[in-house]
Every structure is written in structure tokens, then in C-alpha cells.
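Here is the file target-v8.txt (compact mmCIF, C-alpha atoms).
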```txt
# COMPACT_ATOMS: atom_id res chain seq x y z
CA MET A 1 -7.65 -20.30 -12.29
CA VAL A 2 -9.53 -17.33 -13.72
CA PHE A 3 -13.04 -16.19 -12.91
CA SER A 4 -14.40 -17.20 -16.31
CA SER A 5 -13.07 -20.78 -16.12
CA ASN A 6 -15.38 -23.74 -15.57
CA ILE A 7 -13.49 -24.91 -12.50
CA PHE A 8 -14.01 -21.55 -10.82
CA LEU A 9 -17.66 -21.09 -11.80
CA LEU A 10 -18.83 -24.67 -11.25
CA TYR A 11 -16.71 -25.84 -8.33
CA PHE A 12 -14.59 -23.24 -6.53
CA LEU A 13 -17.08 -20.37 -6.25
CA PRO A 14 -20.13 -22.46 -5.17
CA ALA A 15 -18.04 -24.34 -2.58
CA PHE A 16 -16.58 -21.10 -1.25
CA LEU A 17 -19.93 -19.28 -0.98
CA LEU A 18 -21.54 -22.27 0.71
CA VAL A 19 -18.85 -22.52 3.38
CA TYR A 20 -18.48 -18.73 3.72
CA PHE A 21 -22.14 -18.10 4.54
CA ILE A 22 -22.63 -21.22 6.66
CA VAL A 23 -19.88 -20.45 9.19
CA PRO A 24 -20.37 -17.76 11.87
CA CYS A 25 -19.23 -14.23 10.95
CA ARG A 26 -16.14 -14.39 13.18
CA PHE A 27 -14.73 -17.26 11.10
CA ARG A 28 -15.39 -15.80 7.66
CA ASN A 29 -12.02 -14.08 7.35
CA ILE A 30 -10.30 -17.40 7.99
CA VAL A 31 -12.49 -19.13 5.40
CA LEU A 32 -11.76 -16.39 2.85
CA LEU A 33 -8.01 -16.62 3.58
CA LEU A 34 -7.92 -20.41 3.22
CA PHE A 35 -9.84 -20.33 -0.05
CA SER A 36 -7.59 -17.51 -1.31
CA VAL A 37 -4.52 -19.64 -0.60
CA LEU A 38 -6.17 -22.56 -2.39
CA PHE A 39 -7.08 -20.30 -5.32
CA TYR A 40 -3.49 -19.13 -5.73
CA ALA A 41 -1.98 -22.57 -5.11
CA TYR A 42 -4.11 -24.03 -7.90
CA GLY A 43 -2.84 -21.49 -10.42
CA ALA A 44 0.77 -21.19 -9.20
CA PRO A 45 1.64 -24.07 -6.82
CA ASP A 46 5.38 -23.42 -7.16
CA PHE A 47 5.07 -19.88 -5.83
CA ILE A 48 2.55 -20.14 -3.01
CA LEU A 49 5.26 -20.61 -0.36
CA ILE A 50 7.17 -17.59 -1.70
CA LEU A 51 3.99 -15.51 -1.55
CA LEU A 52 3.19 -16.59 2.01
CA ALA A 53 6.78 -16.19 3.25
CA SER A 54 7.15 -12.69 1.77
CA THR A 55 3.78 -11.67 3.21
CA VAL A 56 4.75 -12.85 6.70
CA ALA A 57 8.16 -11.14 6.48
CA ASN A 58 6.60 -7.89 5.32
CA PHE A 59 4.08 -7.95 8.16
CA TYR A 60 6.81 -8.14 10.81
CA LEU A 61 9.06 -5.61 9.07
CA VAL A 62 6.25 -3.05 9.12
CA LYS A 63 5.57 -3.81 12.79
CA ALA A 64 9.26 -3.24 13.57
CA MET A 65 9.21 -0.03 11.54
CA HIS A 66 6.20 1.26 13.45
CA ARG A 67 7.77 0.49 16.84
CA ALA A 68 11.14 2.03 15.98
CA LYS A 69 11.76 5.28 17.85
CA ILE A 70 14.93 6.31 16.02
CA PRO A 71 14.11 7.87 12.58
CA SER A 72 17.09 6.22 10.89
CA ARG A 73 16.01 2.79 12.09
CA LYS A 74 12.45 3.47 11.01
CA LYS A 75 13.68 4.38 7.53
CA LEU A 76 15.83 1.24 7.46
CA PHE A 77 12.87 -1.06 8.17
CA CYS A 78 10.76 0.83 5.62
CA ALA A 79 13.47 0.44 2.99
CA LEU A 80 13.86 -3.28 3.75
CA ALA A 81 10.10 -3.83 3.41
CA ILE A 82 9.95 -1.96 0.09
CA ILE A 83 13.03 -3.80 -1.21
CA LEU A 84 11.35 -7.09 -0.32
CA CYS A 85 8.14 -6.12 -2.16
CA LEU A 86 9.77 -4.66 -5.27
CA GLY A 87 12.73 -7.05 -5.24
CA LEU A 88 10.45 -10.02 -5.80
CA LEU A 89 8.66 -8.13 -8.57
CA ALA A 90 11.95 -7.13 -10.21
CA TYR A 91 13.37 -10.65 -10.09
CA PHE A 92 10.36 -12.62 -11.28
CA LYS A 93 9.03 -10.11 -13.80
CA TYR A 94 12.16 -8.43 -15.19
CA ALA A 95 15.11 -10.80 -14.73
CA ASN A 96 14.52 -12.52 -18.09
CA PHE A 97 14.10 -9.16 -19.83
CA PHE A 98 17.31 -7.82 -18.32
CA VAL A 99 19.37 -10.91 -19.17
CA GLU A 100 18.04 -11.11 -22.73
CA ASN A 101 19.02 -7.50 -23.37
CA ILE A 102 22.45 -7.95 -21.80
CA ASN A 103 23.04 -11.04 -23.94
CA GLY A 104 21.91 -9.14 -27.02
CA LEU A 105 24.38 -6.36 -26.24
CA LEU A 106 27.19 -8.85 -25.65
CA SER A 107 26.42 -10.52 -28.97
CA MET A 108 26.60 -7.18 -30.79
CA LEU A 109 29.99 -6.51 -29.21
CA GLY A 110 31.30 -9.94 -30.21
CA PHE A 111 31.29 -11.51 -26.74
CA ASN A 112 29.74 -14.79 -25.71
CA SER A 113 26.39 -14.55 -23.98
CA PHE A 114 25.98 -16.19 -20.59
CA HIS A 115 23.59 -19.02 -19.83
CA TRP A 116 20.43 -18.21 -17.93
CA THR A 117 17.58 -20.41 -16.76
CA LYS A 118 14.41 -18.47 -17.48
CA VAL A 119 12.38 -17.41 -14.47
CA LEU A 120 8.67 -18.21 -14.49
CA LEU A 121 6.35 -15.31 -13.74
CA PRO A 122 4.01 -15.89 -10.76
CA ILE A 123 0.44 -14.83 -11.45
CA GLY A 124 -0.68 -11.64 -9.74
CA ILE A 125 2.78 -10.63 -8.54
CA SER A 126 2.39 -7.05 -9.77
CA PHE A 127 -0.82 -6.50 -7.84
CA PHE A 128 0.16 -8.03 -4.51
CA SER A 129 3.55 -6.29 -4.71
CA PHE A 130 1.88 -2.91 -5.22
CA GLN A 131 -0.63 -3.52 -2.43
CA SER A 132 2.24 -4.44 -0.10
CA VAL A 133 4.01 -1.19 -1.04
CA THR A 134 0.91 0.89 -0.29
CA TYR A 135 0.65 -0.72 3.15
CA VAL A 136 4.32 -0.09 3.94
CA ILE A 137 4.38 3.53 2.79
CA ASP A 138 1.00 4.50 4.27
CA THR A 139 2.04 3.06 7.62
CA TYR A 140 5.39 4.85 7.43
CA ARG A 141 3.62 8.14 6.66
CA GLY A 142 1.32 7.63 9.63
CA ASN A 143 -1.82 7.33 7.51
CA ASN A 144 -2.78 4.11 9.27
CA GLU A 145 -1.74 1.86 12.14
CA PRO A 146 -0.18 -1.50 11.29
CA MET A 147 -2.44 -4.51 11.42
CA LYS A 148 -2.47 -6.42 14.69
CA LYS A 149 -3.27 -9.85 13.30
CA LEU A 150 -1.07 -11.60 10.76
CA THR A 151 -4.06 -13.38 9.25
CA ASP A 152 -5.80 -10.06 8.58
CA TYR A 153 -2.76 -8.74 6.74
CA MET A 154 -2.44 -11.94 4.71
CA LEU A 155 -6.11 -11.65 3.82
CA TYR A 156 -5.60 -8.08 2.63
CA ILE A 157 -2.69 -9.08 0.38
CA ILE A 158 -3.92 -12.34 -1.13
CA MET A 159 -7.72 -12.01 -1.11
CA PHE A 160 -8.61 -13.92 -4.27
CA PRO A 161 -11.16 -11.53 -5.87
CA GLN A 162 -8.55 -8.80 -6.52
CA LEU A 163 -5.32 -10.85 -6.40
CA ILE A 164 -4.85 -11.58 -10.10
CA ALA A 165 -5.86 -8.39 -11.92
CA GLY A 166 -6.84 -5.81 -9.33
CA PRO A 167 -8.22 -3.34 -8.64
CA ILE A 168 -5.28 -2.19 -6.50
CA VAL A 169 -6.82 -1.67 -3.07
CA ARG A 170 -5.18 0.59 -0.50
CA TYR A 171 -5.21 -0.75 3.04
CA GLY A 172 -6.93 2.35 4.41
CA ASP A 173 -9.88 1.79 2.07
CA ILE A 174 -10.83 -1.61 3.50
CA ALA A 175 -9.15 -1.74 6.94
CA ARG A 176 -12.47 -1.44 8.78
CA GLN A 177 -14.14 -3.89 6.43
CA ILE A 178 -11.53 -6.53 7.22
CA ALA A 179 -12.17 -6.09 10.93
CA ARG A 180 -15.95 -6.01 10.65
CA ARG A 181 -18.39 -6.17 7.76
CA ASP A 182 -22.12 -5.73 7.53
CA TYR A 183 -23.96 -8.23 5.35
CA ARG A 184 -27.09 -7.24 3.49
CA TRP A 185 -28.75 -9.56 1.01
CA SER A 186 -29.50 -6.61 -1.24
CA GLU A 187 -25.76 -5.90 -1.41
CA CYS A 188 -25.04 -9.55 -2.13
CA LEU A 189 -27.55 -9.54 -5.00
CA GLN A 190 -26.05 -6.36 -6.41
CA GLY A 191 -22.62 -7.99 -6.19
CA PHE A 192 -23.88 -11.08 -8.00
CA TYR A 193 -25.41 -8.88 -10.72
CA ARG A 194 -22.11 -6.98 -11.10
CA PHE A 195 -20.22 -10.28 -11.34
CA VAL A 196 -22.53 -11.54 -14.10
CA ILE A 197 -22.13 -8.29 -16.05
CA GLY A 198 -18.35 -8.63 -15.84
CA LEU A 199 -18.49 -12.28 -16.83
CA CYS A 200 -20.56 -11.42 -19.91
CA LYS A 201 -18.10 -8.69 -20.87
CA LYS A 202 -15.24 -11.16 -20.60
CA VAL A 203 -16.76 -14.28 -22.18
CA LEU A 204 -19.32 -12.98 -24.66
CA ILE A 205 -17.45 -9.92 -25.94
CA ALA A 206 -13.74 -9.84 -25.08
CA ASP A 207 -12.96 -13.50 -25.71
CA VAL A 208 -14.91 -13.58 -28.98
CA ILE A 209 -13.21 -10.45 -30.31
CA GLY A 210 -9.84 -11.62 -28.99
CA ALA A 211 -9.98 -14.87 -30.95
CA GLN A 212 -10.33 -12.94 -34.19
CA VAL A 213 -7.65 -10.40 -33.27
CA ASP A 214 -5.19 -13.16 -32.42
CA THR A 215 -5.85 -14.86 -35.74
CA LEU A 216 -5.31 -11.66 -37.75
CA LEU A 217 -2.16 -10.58 -35.90
CA ALA A 218 -0.67 -14.07 -36.09
CA GLY A 219 -0.41 -13.78 -39.86
CA ASN A 220 2.05 -11.94 -42.06
CA LEU A 221 1.54 -8.28 -41.18
CA SER A 222 3.33 -7.12 -44.34
CA VAL A 223 0.41 -8.26 -46.50
CA MET A 224 -2.34 -6.89 -44.28
CA ASP A 225 -4.46 -4.33 -46.11
CA THR A 226 -5.20 -0.88 -44.70
CA GLY A 227 -8.81 -1.55 -43.80
CA THR A 228 -7.98 -4.78 -42.01
CA ALA A 229 -5.15 -3.12 -40.10
CA TRP A 230 -7.44 -0.43 -38.72
CA ILE A 231 -10.30 -2.82 -38.00
CA THR A 232 -7.92 -5.18 -36.20
CA ILE A 233 -6.53 -2.58 -33.86
CA MET A 234 -10.00 -1.12 -33.24
CA ALA A 235 -11.19 -4.61 -32.34
CA TYR A 236 -8.26 -5.03 -29.97
CA THR A 237 -9.07 -1.64 -28.42
CA PHE A 238 -12.51 -2.88 -27.43
CA GLN A 239 -11.29 -6.37 -26.55
CA LEU A 240 -8.85 -4.93 -24.04
CA TYR A 241 -11.48 -2.71 -22.44
CA PHE A 242 -14.12 -5.42 -22.11
CA ASP A 243 -11.56 -7.94 -20.87
CA PHE A 244 -10.00 -5.73 -18.23
CA SER A 245 -13.12 -3.89 -17.11
CA GLY A 246 -15.02 -7.18 -17.11
CA TYR A 247 -12.47 -8.73 -14.78
CA SER A 248 -12.65 -5.64 -12.54
CA ASP A 249 -16.44 -5.89 -12.49
CA MET A 250 -16.21 -9.52 -11.45
CA ALA A 251 -13.72 -8.67 -8.68
CA ILE A 252 -15.86 -5.77 -7.40
CA GLY A 253 -18.96 -7.96 -7.55
CA LEU A 254 -17.34 -10.79 -5.60
CA GLY A 255 -16.10 -8.32 -3.03
CA ARG A 256 -19.59 -6.88 -2.60
CA ILE A 257 -21.03 -10.38 -2.11
CA MET A 258 -18.55 -10.84 0.75
CA GLY A 259 -19.23 -7.42 2.27
CA PHE A 260 -16.25 -5.51 0.83
CA SER A 261 -16.40 -2.28 -1.13
CA PHE A 262 -13.56 -2.25 -3.66
CA PRO A 263 -12.76 0.95 -5.58
CA GLU A 264 -14.01 1.37 -9.13
CA ASN A 265 -11.39 0.82 -11.81
CA PHE A 266 -12.97 2.12 -15.04
CA ASP A 267 -15.22 5.06 -15.87
CA ASN A 268 -16.07 4.99 -19.60
CA PRO A 269 -12.47 5.81 -20.60
CA TYR A 270 -13.14 5.90 -24.33
CA ASN A 271 -15.44 8.90 -23.80
CA SER A 272 -12.44 10.98 -22.71
CA ALA A 273 -11.76 14.30 -24.44
CA SER A 274 -8.00 14.26 -23.69
CA ILE A 275 -5.25 11.83 -22.77
CA THR A 276 -5.15 13.37 -19.29
CA GLU A 277 -8.84 12.63 -18.86
CA PHE A 278 -8.35 9.15 -20.30
CA TRP A 279 -5.90 8.30 -17.52
CA ARG A 280 -8.33 9.56 -14.92
CA ARG A 281 -10.84 7.03 -16.25
CA TRP A 282 -8.69 4.03 -17.30
CA HIS A 283 -7.34 1.69 -14.59
CA LYS A 284 -8.06 4.33 -11.96
CA THR A 285 -6.45 2.43 -9.09
CA LEU A 286 -3.13 2.10 -10.95
CA ASN A 287 -3.26 5.78 -11.83
CA ALA A 288 -3.88 6.62 -8.15
CA PHE A 289 -0.96 4.40 -7.14
CA MET A 290 1.41 6.09 -9.58
CA LEU A 291 0.22 9.51 -8.44
CA ASN A 292 0.57 8.89 -4.69
CA TYR A 293 3.66 6.69 -4.59
CA LEU A 294 5.73 7.83 -7.57
CA TYR A 295 4.67 11.14 -9.13
CA ILE A 296 4.27 13.08 -5.87
CA PRO A 297 7.46 11.69 -4.25
CA LEU A 298 9.36 12.69 -7.42
CA GLY A 299 8.19 16.25 -6.86
CA GLY A 300 4.95 16.28 -8.80
CA ASN A 301 4.31 19.72 -10.23
CA ARG A 302 5.92 21.58 -7.33
CA LYS A 303 9.38 22.06 -8.85
CA GLY A 304 8.72 23.94 -12.06
CA LYS A 305 7.31 23.05 -15.45
CA GLY A 306 10.40 21.27 -16.73
CA ARG A 307 10.51 18.95 -13.75
CA THR A 308 6.75 18.37 -13.99
CA TYR A 309 7.05 17.22 -17.60
CA PHE A 310 10.00 15.00 -16.72
CA ASN A 311 8.10 13.45 -13.80
CA LEU A 312 5.08 12.76 -16.01
CA TRP A 313 7.19 11.09 -18.65
CA ILE A 314 9.12 8.96 -16.13
CA VAL A 315 5.91 7.87 -14.39
CA PHE A 316 4.37 6.66 -17.63
CA LEU A 317 7.59 5.07 -18.79
CA LEU A 318 7.59 3.00 -15.59
CA SER A 319 3.86 2.41 -15.94
CA GLY A 320 4.50 0.89 -19.36
CA LEU A 321 7.26 -1.31 -17.96
CA TRP A 322 4.92 -2.40 -15.16
CA HIS A 323 2.48 -3.74 -17.75
CA GLY A 324 5.09 -6.11 -19.16
CA ALA A 325 8.79 -6.84 -19.47
CA SER A 326 9.20 -5.93 -23.13
CA TRP A 327 10.35 -2.90 -25.08
CA ASN A 328 6.95 -2.40 -26.69
CA PHE A 329 5.47 -1.71 -23.25
CA VAL A 330 8.22 0.81 -22.52
CA LEU A 331 7.51 2.43 -25.87
CA TRP A 332 3.79 2.48 -25.10
CA GLY A 333 4.44 4.21 -21.76
CA ALA A 334 6.72 6.77 -23.42
CA TYR A 335 4.04 7.34 -26.09
CA HIS A 336 1.39 8.24 -23.51
CA GLY A 337 3.87 10.30 -21.50
CA PHE A 338 4.70 12.24 -24.67
CA PHE A 339 1.05 13.14 -25.32
CA LEU A 340 0.48 14.12 -21.69
CA VAL A 341 3.41 16.53 -21.91
CA ILE A 342 2.25 17.85 -25.31
CA GLU A 343 -1.20 18.55 -23.87
CA ARG A 344 0.28 20.57 -21.03
CA LEU A 345 2.78 22.39 -23.25
CA PHE A 346 0.74 23.42 -26.26
CA LEU A 347 -2.84 22.28 -26.24
CA GLY A 348 -4.19 23.50 -22.92
CA LYS A 349 -7.97 23.39 -23.00
CA TRP A 350 -8.02 22.46 -26.68
CA SER A 351 -11.07 20.26 -26.23
CA GLN A 352 -13.13 23.29 -25.25
CA ARG A 353 -12.08 25.12 -28.40
CA ILE A 354 -12.82 22.37 -30.91
CA GLY A 355 -15.78 20.83 -29.11
CA LYS A 356 -16.46 17.65 -27.14
CA VAL A 357 -17.16 15.25 -30.02
CA PRO A 358 -14.03 16.05 -32.11
CA SER A 359 -11.91 15.91 -28.94
CA VAL A 360 -13.25 12.47 -28.04
CA ILE A 361 -12.61 11.18 -31.57
CA ILE A 362 -9.03 12.51 -31.64
CA THR A 363 -8.30 11.11 -28.18
CA PHE A 364 -9.77 7.74 -29.13
CA ILE A 365 -7.54 7.54 -32.22
CA ILE A 366 -4.45 8.43 -30.17
CA VAL A 367 -5.34 5.76 -27.60
CA MET A 368 -6.09 3.21 -30.32
CA VAL A 369 -2.71 3.75 -32.00
CA GLY A 370 -1.13 3.32 -28.57
CA TRP A 371 -2.85 -0.04 -28.16
CA ALA A 372 -1.20 -1.20 -31.38
CA ILE A 373 2.18 -0.53 -29.75
CA PHE A 374 0.94 -2.32 -26.64
CA ARG A 375 -0.26 -5.40 -28.52
CA ILE A 376 2.51 -6.06 -31.07
CA GLU A 377 5.41 -7.26 -28.92
CA ASP A 378 7.97 -7.92 -31.67
CA LEU A 379 9.48 -4.61 -32.70
CA PRO A 380 10.35 -5.82 -36.26
CA ASP A 381 6.61 -6.31 -36.87
CA TYR A 382 5.87 -2.62 -36.32
CA VAL A 383 7.09 -1.43 -39.71
CA PRO A 384 4.90 -3.67 -41.89
CA TYR A 385 1.92 -3.13 -39.61
CA TRP A 386 2.17 0.66 -39.68
CA VAL A 387 2.85 0.65 -43.43
CA ALA A 388 -0.47 -1.14 -43.80
CA ASN A 389 -2.17 0.98 -41.16
CA TYR A 390 -1.43 4.31 -42.78
CA GLY A 391 -2.51 3.43 -46.26
CA SER A 392 0.72 2.13 -47.79
CA GLY A 393 -0.37 -1.48 -47.60
CA ASN A 394 -2.68 -3.45 -49.84
CA THR A 395 -6.18 -2.24 -50.52
CA PHE A 396 -9.23 -4.40 -50.00
CA ASP A 397 -9.60 -5.41 -53.64
CA ASN A 398 -7.25 -5.00 -56.54
CA PRO A 399 -7.61 -6.52 -60.00
CA CYS A 400 -3.83 -6.74 -60.39
CA LYS A 401 -3.68 -8.91 -57.29
CA ASP A 402 -6.33 -11.27 -58.67
CA TYR A 403 -4.57 -11.44 -62.05
CA LEU A 404 -1.23 -12.36 -60.48
CA LYS A 405 -2.88 -14.98 -58.28
CA GLU A 406 -4.35 -16.62 -61.37
CA GLU A 407 -1.10 -16.47 -63.34
CA TYR A 408 1.14 -17.71 -60.52
CA PRO A 409 -1.08 -19.73 -58.18
CA ASP A 410 1.73 -21.83 -56.66
CA ASN A 411 4.71 -19.50 -56.50
CA ILE A 412 3.45 -16.14 -55.33
CA ILE A 413 4.32 -15.43 -51.73
CA ARG A 414 3.43 -11.76 -51.51
CA MET A 415 3.10 -8.56 -53.52
CA HIS A 416 4.43 -5.17 -52.52
CA GLN A 417 2.69 -1.92 -53.06
CA PHE A 418 4.83 1.06 -53.94
CA THR A 419 4.24 4.75 -54.54
CA ASP A 420 4.25 4.79 -58.35
CA ASN A 421 1.19 3.29 -59.98
CA LEU A 422 1.69 0.21 -62.10
CA ASP A 423 -0.76 0.09 -64.99
CA GLY A 424 -3.18 2.11 -62.86
CA PHE A 425 -3.42 -0.56 -60.19
CA GLY A 426 -0.81 0.65 -57.70
CA TYR A 427 1.01 -2.69 -57.36
CA ASP A 428 4.53 -3.77 -58.07
CA ALA A 429 4.50 -6.80 -60.36
CA ASN A 430 7.68 -8.29 -58.86
CA ILE A 431 6.98 -11.83 -57.83
CA TYR A 432 8.80 -13.52 -54.94
CA TYR A 433 9.32 -17.24 -55.40
CA ASP A 434 9.86 -19.99 -52.85
CA ASN A 435 13.33 -20.55 -54.28
```
Since I need it in another form, could you write the structure as C-alpha cells?
Amino acid sequence: MVFSSNIFLLYFLPAFLLVYFIVPCRFRNIVLLLFSVLFYAYGAPDFILILLASTVANFYLVKAMHRAKIPSRKKLFCALAIILCLGLLAYFKYANFFVENINGLLSMLGFNSFHWTKVLLPIGISFFSFQSVTYVIDTYRGNNEPMKKLTDYMLYIIMFPQLIAGPIVRYGDIARQIARRDYRWSECLQGFYRFVIGLCKKVLIADVIGAQVDTLLAGNLSVMDTGTAWITIMAYTFQLYFDFSGYSDMAIGLGRIMGFSFPENFDNPYNSASITEFWRRWHKTLNAFMLNYLYIPLGGNRKGKGRTYFNLWIVFLLSGLWHGASWNFVLWGAYHGFFLVIERLFLGKWSQRIGKVPSVIITFIIVMVGWAIFRIEDLPDYVPYWVANYGSGNTFDNPCKDYLKEEYPDNIIRMHQFTDNLDGFGYDANIYYDN
């Protein structure tokens, strides 16, 4: 169930809001928890028990960690809780990826691959795993006390507005709101307005653009012309923003209706004048998570420039892998890590030297090329796409193309462009037949 679906908008949300505001305030957390369980069970009924069991186990592990007086025992409980959180994520999200690559390697070496039943990916597992990790580590660091009530912790982990696609909410940010919330009708109306804005972004812009992008990228990329290649990836660039930011707007709006204040997730990222600035504006809660729970523990920028660059690159490599279990996501993370390092090494405050507008344009192009890596999952498709993208593909119109279509209407499959001009048209006249 997604926020833009008919079942959510016409049935689930009205029923929830009706019950939520009818019951006394002291019962609203229970109502929200029950509807959150129902929300998740509808979308992933096979995994709801795993989600609930892991949440309960994590709650008691953190309690045991907090009560432990011996540092080694405290570390043990912390490690067990983190292993539980990330172990589920690793198994459900990356087991298939790992096995497929092992089987591919075995095949290359001449060995038989082993049989594997593919694991289904539970919806929202990345987000509730990361929120569980923030709770464990922040409690271990002494930033907050552990929750006293199991139901409050379960509500924090599986609250339906931010369960599927974030934003990633740290426990310390909403701990008081879970215990007690003030309800103002002006806030509820603002939340409803924010939800509608997000819904319009998703349905009226992202979904419409996405349908066209999917159609274009589903075809043969080797015959895509240069203009279409650039237009397609630019369209995907905006589709992704309106889709993701729209969903975040809907989550923030729903939270505000219920009295919660969720952190903002996007801040006009395509107006950034550098890749560093882009990542301060794009998916801000993920960036904050990577900073606080990965980059800083690795040493941050405290251990010399070489280690800083290595930490940056590793963080974004893992960030890419977090987005999906495929090599294109790893490549996308490495791509952004590369540009972050390049900015620190050579460019410095280059945006100030060349001006704001040129900096924004250059950054946007770099980000847009990165989204092409992000979107095209099959690595063999990269070559024909980039050949088209950088001007080595077909042009919009070519008289040679029209002539060959008329001469060989049934047999032509495709035509290749090559560097030497052919009769002034720039096309190779070799024809590829079905047989």
C-alpha cells in the first residue's frame, strides 16, 4: 500500500483519521500502532511477524545493554542488537545479490553453481533497520534513555507515515512527541496541505514523467539518438526528485496531522553549486545517518587527508549499495564519492571563482549523469546508452536513415553510426537482417 493508491486515500486514511481523532488522546498511540501494523501487513503479510519479532527482541536487547554495568557486557548487547538490525537487512536485501555473484564467479571458473531460492525483499526494511540502529547506538552513547514501554518503541519503528520511504527519524527527535503531543487544528491543516502537495508531486508529475521514461528505456538503447538520450535522463532526473520528495512531503504532512514533527528531507537539491552541497540538500536524513553512524566512527576528517578521502569514498560506496542490491548502485555511489574527493583535492571553492549559475549547471549535469548510472541496472546497456548520450548515436533526422527504411522496410533491424561520413550523412550503410 502506497500513499498515492486508491485503497490508502479512499479507505485506509479516512478510517484511520476518524478513529484517531475520536478516541481520547491517551489511546491515540495504540490506534496509530494498530493501523501501522495493518498498513504493513497489507503490503507485506509474510513479513509482519518478522518485523514485530525483531522489534520486540531489539527493545529488550537495548534495555539489557542499558542496565549492564560491565563495559564488555554492554558492548556485547549493543553488538547483538546491531547484528539483529543489520543482519535482517543483509539477508533480505543482499542475499540474492551475493549468491548471484558467487554463482557467476563459479561459472567463470568452470564449476557448477549452487541452487538458491530467491529471498523476497520486505518493503521498508532499509528504513526501519536504520531507525533501529540509531536507537541502539544513541542509547549506547548515552544520548537518550531507553524507552520504558514496548508499544512506544514499536510505534517509533513501524509508524506508517515514514515506514516505507522515510524520512529516517532519530529517536531523540521525536521521543517527547511519542510521550505527549499537542494538537492544533492549524497544524493539522498545514499537514493536510503538505500531504496534498506531495501527492500532486507524485501523481501529477513523477508518475506521468516516469511512464514515458520507462517506455523509452525499455527499448533498444543502441538506436536511441543523442537528443532522446539526454532528454530521457533529464526527465528521469526530475521524476526521481518529484517522486521521492513528494513521498517525503506526504510523510511529513501525515506526521504533522498526527502531532509529529518529522525532519525535512529535501532542500531544493538541484540548486546546489557543488556535489558536497547537493548531498547536504538531497535525502538529508540519510546523509545525516551516514555522517553520524558511519563517517564519524570511521574517523571522519580527524586522521589526515588521505584517510578523509578514503572515508568519504567508502561512505558513498555503501550509500550506493544501500539504495539497491545491484552493481549499478555501487557504481553510482563510487561515482559520487569520486566527485566529492575531487572537489576537496583540486577544486576547493571553485564555485566562487566561476560564479553561482555556471556552478549550478555543472553540478546538475554531474548529478544527472549519475542518475543514468542509478537508473540503468543492466551493465551491458551502459555502452549503447552512453554512445548515444555523448553524440555518437543517431541524430534526430537523417535522410540516409529514411532512404534505407524505404528500400528495406521489412529487413532492417538497426543502423550504426560510425566516425567516417558516408555520402555526407554520417551513417554506415551495412544492413542487419533477421537471418
Open item on the list: My list of candidates is A:Val223, A:Ala334, A:Ala79, A:Leu254. Which is closest to Leu17 of chain A when distances are computed with all atoms listed in the file?
Closed with: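 For Leu17 of chain A, the nearest of the candidates is A:Leu254.
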- [ ] Around the point (7.1, 9.9, -13.1) in the file's coordinates, collect all residues with an atom within 10 Å, using only C-alpha atoms, and return them as a list in words.
- [x] Met290, Leu291, Tyr293, Leu294, Tyr295, Ile296, Pro297, Leu298, Gly299, Gly300, Arg307, Thr308, Tyr309, Phe310, Asn311, Leu312, Trp313, Ile314, Val315, Phe316, Leu317, Leu318, Ser319 and Gly337 of chain A
Could you write those residues out with C-alpha atoms, as an mmCIF file, keeping the file's coordinate frame?
```cif
data_model
loop_
_atom_site.group_PDB
_atom_site.id
_atom_site.type_symbol
_atom_site.label_atom_id
_atom_site.label_comp_id
_atom_site.auth_asym_id
_atom_site.auth_seq_id
_atom_site.Cartn_x
_atom_site.Cartn_y
_atom_site.Cartn_z
ATOM 1 C CA MET A 290 1.410 6.090 -9.580
ATOM 2 C CA LEU A 291 0.220 9.510 -8.440
ATOM 3 C CA TYR A 293 3.660 6.690 -4.590
ATOM 4 C CA LEU A 294 5.730 7.830 -7.570
ATOM 5 C CA TYR A 295 4.670 11.140 -9.130
ATOM 6 C CA ILE A 296 4.270 13.080 -5.870
ATOM 7 C CA PRO A 297 7.460 11.690 -4.250
ATOM 8 C CA LEU A 298 9.360 12.690 -7.420
ATOM 9 C CA GLY A 299 8.190 16.250 -6.860
ATOM 10 C CA GLY A 300 4.950 16.280 -8.800
ATOM 11 C CA ARG A 307 10.510 18.950 -13.750
ATOM 12 C CA THR A 308 6.750 18.370 -13.990
ATOM 13 C CA TYR A 309 7.050 17.220 -17.600
ATOM 14 C CA PHE A 310 10.000 15.000 -16.720
ATOM 15 C CA ASN A 311 8.100 13.450 -13.800
ATOM 16 C CA LEU A 312 5.080 12.760 -16.010
ATOM 17 C CA TRP A 313 7.190 11.090 -18.650
ATOM 18 C CA ILE A 314 9.120 8.960 -16.130
ATOM 19 C CA VAL A 315 5.910 7.870 -14.390
ATOM 20 C CA PHE A 316 4.370 6.660 -17.630
ATOM 21 C CA LEU A 317 7.590 5.070 -18.790
ATOM 22 C CA LEU A 318 7.590 3.000 -15.590
ATOM 23 C CA SER A 319 3.860 2.410 -15.940
ATOM 24 C CA GLY A 337 3.870 10.300 -21.500
#
```
Open item on the list: Neighbouring residues of Val136 of chain A were defined as those with any atom within 7 Å, considering only C-alpha atoms; residues of the same chain fewer than 6 positions away were excluded. Please report them as a ChimeraX atom specification.
Closed with: /A:62,78,81
Task: Close residues, Glu187 of chain A itself excluded, 12 Å, only C-alpha atoms, min 5 positions apart in chain, as a count of residues only - done: 15
- [ ] Work out how far atom CA of Ile82 of chain A is from atom CA of Ile70 of chain A, in Å to one decimal.
- [x] 18.6 Å
TODO: Give me, please, the distance in Å between atom CA of Pro269 of chain A and atom CA of Thr237 of chain A, quoted to one decimal.
DONE: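 Here the two named atoms are 11.3 Å from each other.
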TODO: Show which residues sit within 12 Å of segment 40-43 of chain A, as a PyMOL selection string. Count only C-alpha atoms, and ignore same-chain residues fewer than 3 positions away.
DONE: chain A and resi 1-3+5+7-8+12+33-37+46-52+121-125+128+157-164
Task: Distance in Å - atom CA of Asp243 of chain A versus atom CA of His283 of chain A - done: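 Going from atom CA of Asp243 of chain A over to atom CA of His283 of chain A, I get 12.2 Å.
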Got a minute to add N, CA and C atoms to segment 34-43 of chain A and dump it as a short mmCIF file (atom, residue, chain, number, x, y, z; two decimals), in the coordinates of the input?
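File produced: selection-v4.cif:
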```
data_model
loop_
_atom_site.label_atom_id
_atom_site.label_comp_id
_atom_site.auth_asym_id
_atom_site.auth_seq_id
_atom_site.Cartn_x
_atom_site.Cartn_y
_atom_site.Cartn_z
N LEU A 34 -8.24 -19.04 3.63
CA LEU A 34 -7.92 -20.41 3.22
C LEU A 34 -8.29 -20.65 1.76
N PHE A 35 -9.44 -20.16 1.34
CA PHE A 35 -9.84 -20.33 -0.05
C PHE A 35 -8.96 -19.49 -0.98
N SER A 36 -8.49 -18.33 -0.50
CA SER A 36 -7.59 -17.51 -1.31
C SER A 36 -6.26 -18.22 -1.52
N VAL A 37 -5.76 -18.87 -0.47
CA VAL A 37 -4.52 -19.64 -0.60
C VAL A 37 -4.72 -20.79 -1.57
N LEU A 38 -5.86 -21.46 -1.46
CA LEU A 38 -6.17 -22.56 -2.39
C LEU A 38 -6.28 -22.05 -3.82
N PHE A 39 -6.93 -20.91 -4.01
CA PHE A 39 -7.08 -20.30 -5.32
C PHE A 39 -5.72 -20.04 -5.96
N TYR A 40 -4.81 -19.44 -5.18
CA TYR A 40 -3.49 -19.13 -5.73
C TYR A 40 -2.68 -20.40 -5.93
N ALA A 41 -2.76 -21.33 -5.00
CA ALA A 41 -1.98 -22.57 -5.11
C ALA A 41 -2.38 -23.37 -6.33
N TYR A 42 -3.66 -23.31 -6.71
CA TYR A 42 -4.11 -24.03 -7.90
C TYR A 42 -3.47 -23.45 -9.15
N GLY A 43 -3.39 -22.14 -9.23
CA GLY A 43 -2.84 -21.49 -10.42
C GLY A 43 -1.33 -21.43 -10.43
#
```
